[in-house]
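Undergrad: Just so it is clear, I am handing over entry_28.txt, which has compact mmCIF, C-alpha atoms.
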```
# COMPACT_ATOMS: atom_id res chain seq x y z
CA MET O 23 0.79 -19.71 -0.49
CA SER O 24 -2.91 -18.77 -0.62
CA PRO O 25 -4.76 -19.03 -3.94
CA PHE O 26 -5.18 -15.24 -3.90
CA ALA O 27 -1.42 -14.73 -3.56
CA ARG O 28 -0.57 -17.44 -6.11
CA HIS O 29 -2.88 -16.03 -8.76
CA MET O 30 -1.77 -12.46 -8.05
CA GLU O 31 1.85 -13.58 -8.47
CA ALA O 32 0.92 -14.81 -11.96
CA ALA O 33 -0.62 -11.40 -12.71
CA LEU O 34 2.51 -9.68 -11.38
CA ALA O 35 4.62 -11.82 -13.74
CA GLU O 36 2.50 -10.53 -16.63
CA ALA O 37 3.00 -6.96 -15.37
CA ARG O 38 6.78 -7.46 -15.27
CA ALA O 39 6.71 -8.80 -18.83
CA ALA O 40 4.69 -5.75 -19.90
CA ALA O 41 7.29 -3.45 -18.35
CA ASP O 42 10.05 -5.34 -20.19
CA ARG O 43 8.18 -4.55 -23.45
CA GLY O 44 8.00 -0.86 -22.53
CA GLU O 45 4.32 -1.04 -21.61
CA VAL O 46 2.78 0.26 -18.39
CA PRO O 47 3.27 -2.70 -16.02
CA VAL O 48 -0.22 -4.05 -15.50
CA GLY O 49 -0.94 -7.76 -15.64
CA ALA O 50 -4.07 -9.87 -15.40
CA VAL O 51 -5.08 -13.52 -15.20
CA VAL O 52 -8.49 -15.16 -15.49
CA VAL O 53 -9.11 -18.13 -13.20
CA ASP O 54 -11.86 -20.69 -13.81
CA PRO O 55 -14.17 -21.99 -11.07
CA ALA O 56 -11.77 -24.93 -10.45
CA GLY O 57 -8.93 -22.50 -9.70
CA ARG O 58 -7.01 -22.97 -12.98
CA ILE O 59 -5.57 -20.01 -14.86
CA VAL O 60 -7.27 -20.04 -18.26
CA ALA O 61 -5.92 -16.76 -19.67
CA ARG O 62 -3.18 -14.28 -18.90
CA ALA O 63 -2.09 -10.97 -20.36
CA GLY O 64 -0.16 -7.78 -19.78
CA ASN O 65 -0.75 -4.34 -21.23
CA ARG O 66 -0.03 -4.10 -24.97
CA THR O 67 -1.47 -0.68 -25.87
CA ARG O 68 1.76 0.62 -27.41
CA GLU O 69 2.73 -2.64 -29.11
CA LEU O 70 -0.69 -3.07 -30.74
CA ALA O 71 -1.37 0.68 -31.18
CA ASP O 72 -4.69 -0.01 -29.48
CA PRO O 73 -5.96 2.08 -26.57
CA THR O 74 -8.22 -0.81 -25.51
CA ALA O 75 -5.37 -3.35 -25.22
CA HIS O 76 -5.34 -3.22 -21.42
CA ALA O 77 -4.30 -6.38 -19.59
CA GLU O 78 -7.84 -7.01 -18.35
CA ILE O 79 -9.41 -6.69 -21.80
CA LEU O 80 -6.82 -8.96 -23.41
CA ALA O 81 -7.18 -11.58 -20.68
CA LEU O 82 -10.99 -11.48 -20.89
CA ARG O 83 -10.85 -11.83 -24.68
CA ALA O 84 -8.53 -14.84 -24.42
CA ALA O 85 -10.64 -16.52 -21.73
CA CYS O 86 -13.87 -15.97 -23.66
CA ALA O 87 -12.28 -17.30 -26.86
CA ALA O 88 -11.05 -20.40 -25.02
CA ALA O 89 -14.49 -20.95 -23.46
CA GLY O 90 -16.34 -20.19 -26.69
CA THR O 91 -18.65 -17.71 -24.99
CA GLU O 92 -18.87 -14.02 -24.17
CA ARG O 93 -19.59 -14.63 -20.49
CA LEU O 94 -17.44 -16.16 -17.77
CA PRO O 95 -19.72 -16.92 -14.80
CA GLY O 96 -17.89 -18.37 -11.84
CA HIS O 97 -14.54 -17.04 -13.07
CA ALA O 98 -12.24 -14.65 -11.22
CA LEU O 99 -10.06 -11.93 -12.66
CA TYR O 100 -6.83 -11.02 -10.89
CA VAL O 101 -5.26 -7.74 -11.97
CA THR O 102 -2.34 -5.81 -10.52
CA LEU O 103 -4.01 -2.39 -10.69
CA GLU O 104 -7.54 -1.21 -10.01
CA PRO O 105 -9.35 -1.46 -13.34
CA CYS O 106 -10.17 1.70 -15.25
CA PRO O 107 -13.83 2.46 -16.11
CA MET O 108 -13.55 0.74 -19.52
CA CYS O 109 -12.16 -2.44 -17.99
CA ALA O 110 -14.63 -2.39 -15.09
CA ALA O 111 -17.51 -2.25 -17.57
CA ALA O 112 -16.02 -5.15 -19.55
CA ILE O 113 -15.64 -7.16 -16.32
CA GLY O 114 -19.34 -6.66 -15.66
CA PHE O 115 -20.31 -7.55 -19.25
CA ALA O 116 -18.24 -10.76 -18.97
CA ARG O 117 -20.09 -11.64 -15.74
CA ILE O 118 -16.85 -12.18 -13.82
CA ALA O 119 -17.77 -13.50 -10.36
CA ARG O 120 -14.81 -12.10 -8.45
CA LEU O 121 -12.43 -9.23 -9.19
CA VAL O 122 -9.19 -9.25 -7.21
CA PHE O 123 -6.81 -6.35 -7.67
CA GLY O 124 -3.58 -5.13 -6.17
CA ALA O 125 -2.82 -1.42 -6.18
CA ALA O 126 -5.55 1.20 -5.96
CA ASP O 127 -5.66 3.80 -8.74
CA PRO O 128 -7.07 7.07 -7.35
CA LYS O 129 -6.26 8.87 -10.63
CA SER O 130 -7.76 6.53 -13.23
CA GLY O 131 -9.53 3.72 -11.37
CA GLY O 132 -13.13 2.89 -12.05
CA VAL O 133 -14.00 0.50 -9.22
CA LEU O 134 -13.22 2.17 -5.88
CA HIS O 135 -12.37 5.55 -7.41
CA GLY O 136 -13.67 7.76 -10.19
CA PRO O 137 -17.01 6.63 -11.58
CA ARG O 138 -17.23 3.50 -9.39
CA ILE O 139 -18.84 1.52 -12.19
CA PHE O 140 -20.31 -1.25 -10.02
CA THR O 141 -22.25 1.16 -7.77
CA HIS O 142 -24.56 2.40 -10.54
CA PRO O 143 -28.08 1.04 -10.97
CA GLN O 144 -27.21 0.51 -14.65
CA ALA O 145 -24.59 -2.09 -13.69
CA HIS O 146 -26.19 -5.35 -14.79
CA HIS O 147 -23.66 -7.46 -12.93
CA VAL O 148 -21.56 -6.66 -9.87
CA PRO O 149 -18.67 -8.97 -9.05
CA GLU O 150 -17.32 -9.57 -5.60
CA VAL O 151 -14.39 -7.15 -5.26
CA VAL O 152 -11.27 -7.94 -3.24
CA ASP O 153 -8.65 -5.21 -3.22
CA GLY O 154 -5.14 -4.81 -1.86
CA ILE O 155 -3.82 -8.30 -2.75
CA GLY O 156 -0.19 -7.80 -3.79
CA ALA O 157 -0.68 -4.05 -3.64
CA GLU O 158 2.83 -3.22 -2.50
CA ALA O 159 4.51 -5.23 -5.27
CA ALA O 160 2.13 -3.88 -7.92
CA ALA O 161 2.61 -0.27 -6.80
CA GLY O 162 6.37 -0.79 -6.71
CA LEU O 163 6.40 -1.93 -10.34
CA LEU O 164 4.43 1.12 -11.41
CA THR O 165 6.55 3.55 -9.38
CA ALA O 166 9.79 2.13 -10.78
CA PHE O 167 8.44 2.15 -14.34
CA PHE O 168 7.40 5.79 -14.26
CA ALA O 169 10.48 6.94 -12.30
CA ALA O 170 12.69 5.49 -15.04
CA ARG O 171 10.85 7.60 -17.64
CA ARG O 172 11.23 10.92 -15.85
```
The structure in this file should be written as structure tokens.
TA:
Amino acid sequence: MSPFARHMEAALAEARAAADRGEVPVGAVVVDPAGRIVARAGNRTRELADPTAHAEILALRAACAAAGTERLPGHALYVTLEPCPMCAAAIGFARIARLVFGAADPKSGGVLHGPRIFTHPQAHHVPEVVDGIGAEAAAGLLTAFFAARR
């Protein structure tokens, strides 16, 4: 299994756990330059009553706390869904080197859709972006989650 697929599988596991908690199934993992997962999280907005408790934000917070710094140069973030504008900005502020995401989010995404945060001249840092890794599995989790609520 490729490192991309292995790390995305870890993010998908976090998304499944989020769905089991009644949260929108989005998961994220932060990987250090040596390829080790140093933080993982799933959405917890409902549980924490916090609109910023997206998987990406929680994983970035945990990785920064573990590293003792607000920046994560050389690190990669794997997330099951295209990050929203808030999360994309945080990814840039954390100086993540590579963003890998699964499903595109034409409605609320902030990387390839919507405001396309990393294309603006005000973006101080632009990570390498790899999209579509595990997209089918990630989209399937989201579709099943929302279908069950209709």
Undergrad: Quote the spacing between CA of Lys129 in chain O and CA of Leu70 in chain O in Å to one decimal place.
TA: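 Between these atoms lies a distance of 24.0 Å.
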Undergrad: Rank O:Val51, O:Gly156, O:Thr91, O:Gly44 by their smallest atom-to-atom distance to Arg68 in chain O, using all atoms listed in the file, and report the top residue only.
TA: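 Of all the options, O:Gly44 lies closest to Arg68 in chain O.
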Undergrad: Between O:Pro55, O:Gly136, O:Gly131, O:Pro105, single out the one closest to Ala119 in chain O, counting all atoms listed in the file.
TA: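 For Ala119 in chain O, the nearest of the candidates is O:Pro55.
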Undergrad: To one decimal place, how far is CA of Gly114 in chain O from CA of Ile79 in chain O in Å?
TA: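 According to the coordinates, CA of Gly114 in chain O and CA of Ile79 in chain O are separated by 11.7 Å.
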Undergrad: Fewer than 3 positions away in the same chain doesn't count, so skip those; otherwise give me all residues within 6 Å of range 94-100 of chain O, counting all atoms listed in the file, as a PyMOL selection string.
TA: chain O and resi 30+50-55+116-123
Undergrad: Would you mind exporting C-alpha atoms of the selected residues as a CSV table (one decimal), keeping the file's coordinate frame?
TA:
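And here's out.csv as it stands now:
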```csv
chain,number,residue,atom,x,y,z
O,30,MET,CA,-1.8,-12.5,-8.0
O,50,ALA,CA,-4.1,-9.9,-15.4
O,51,VAL,CA,-5.1,-13.5,-15.2
O,52,VAL,CA,-8.5,-15.2,-15.5
O,53,VAL,CA,-9.1,-18.1,-13.2
O,54,ASP,CA,-11.9,-20.7,-13.8
O,55,PRO,CA,-14.2,-22.0,-11.1
O,116,ALA,CA,-18.2,-10.8,-19.0
O,117,ARG,CA,-20.1,-11.6,-15.7
O,118,ILE,CA,-16.8,-12.2,-13.8
O,119,ALA,CA,-17.8,-13.5,-10.4
O,120,ARG,CA,-14.8,-12.1,-8.4
O,121,LEU,CA,-12.4,-9.2,-9.2
O,122,VAL,CA,-9.2,-9.2,-7.2
O,123,PHE,CA,-6.8,-6.4,-7.7
```
Undergrad: Please indicate the distance in Å from CA of Asp72 in chain O to CA of Ala37 in chain O, rounded to one decimal place.
TA: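 Interatomic distance here is 17.5 Å.
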Undergrad: Which is closer to Ala157 in chain O than all the others in O:Ala88, O:Ala126, O:Ile139, O:Ala145, using all atoms listed in the file?
TA: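 Nearest candidate to Ala157 in chain O out of O:Ala88, O:Ala126, O:Ile139, O:Ala145: O:Ala126.
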Undergrad: Between O:Ala85, O:Ala39, O:Ala32, O:Cys109, which has the minimum distance to Gly64 in chain O (counting only C-alpha atoms)?
TA: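 Selected residue with least distance to Gly64 in chain O: O:Ala39.
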Undergrad: Which residues come within 6 Å of range 81-84 of chain O, counting only C-alpha atoms, excluding same-chain residues fewer than 3 positions away, as a list of chain:residue names?
TA: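 The contact residues come out as O:Ala61, O:Arg62, O:Ala63, O:Glu78, O:Ala87.
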Undergrad: Let me make sure I understand: among O:Leu34, O:Ala125, O:Ala89, O:Met108, which one has the smallest atom-to-atom distance to Gly154 in chain O if we use only C-alpha atoms?
TA: O:Ala125
Undergrad: Taking all atoms listed in the file into account, which of O:Arg28, O:Ile155, O:Ala111, O:Arg171 comes nearest His142 in chain O?
TA: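 The shortest atom-to-atom distance to His142 in chain O comes from O:Ala111.
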Undergrad: Residues at most 9 Å from Phe140 in chain O, counting all atoms listed in the file, excluding those fewer than 5 positions away in the same chain, as an MDAnalysis selection string?
TA: chainID O and resid 110:111 114 132:134 145:149
Undergrad: Can I get the selection written as a PDB file, in the coordinates of the input, with C-alpha atoms?
TA:
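Listed below is the output, again37.pdb:
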```
ATOM      1  CA  ALA O 110     -14.630  -2.390 -15.090  1.00  0.00           C
ATOM      2  CA  ALA O 111     -17.510  -2.250 -17.570  1.00  0.00           C
ATOM      3  CA  GLY O 114     -19.340  -6.660 -15.660  1.00  0.00           C
ATOM      4  CA  GLY O 132     -13.130   2.890 -12.050  1.00  0.00           C
ATOM      5  CA  VAL O 133     -14.000   0.500  -9.220  1.00  0.00           C
ATOM      6  CA  LEU O 134     -13.220   2.170  -5.880  1.00  0.00           C
ATOM      7  CA  ALA O 145     -24.590  -2.090 -13.690  1.00  0.00           C
ATOM      8  CA  HIS O 146     -26.190  -5.350 -14.790  1.00  0.00           C
ATOM      9  CA  HIS O 147     -23.660  -7.460 -12.930  1.00  0.00           C
ATOM     10  CA  VAL O 148     -21.560  -6.660  -9.870  1.00  0.00           C
ATOM     11  CA  PRO O 149     -18.670  -8.970  -9.050  1.00  0.00           C
TER      12      PRO O 149
END
```
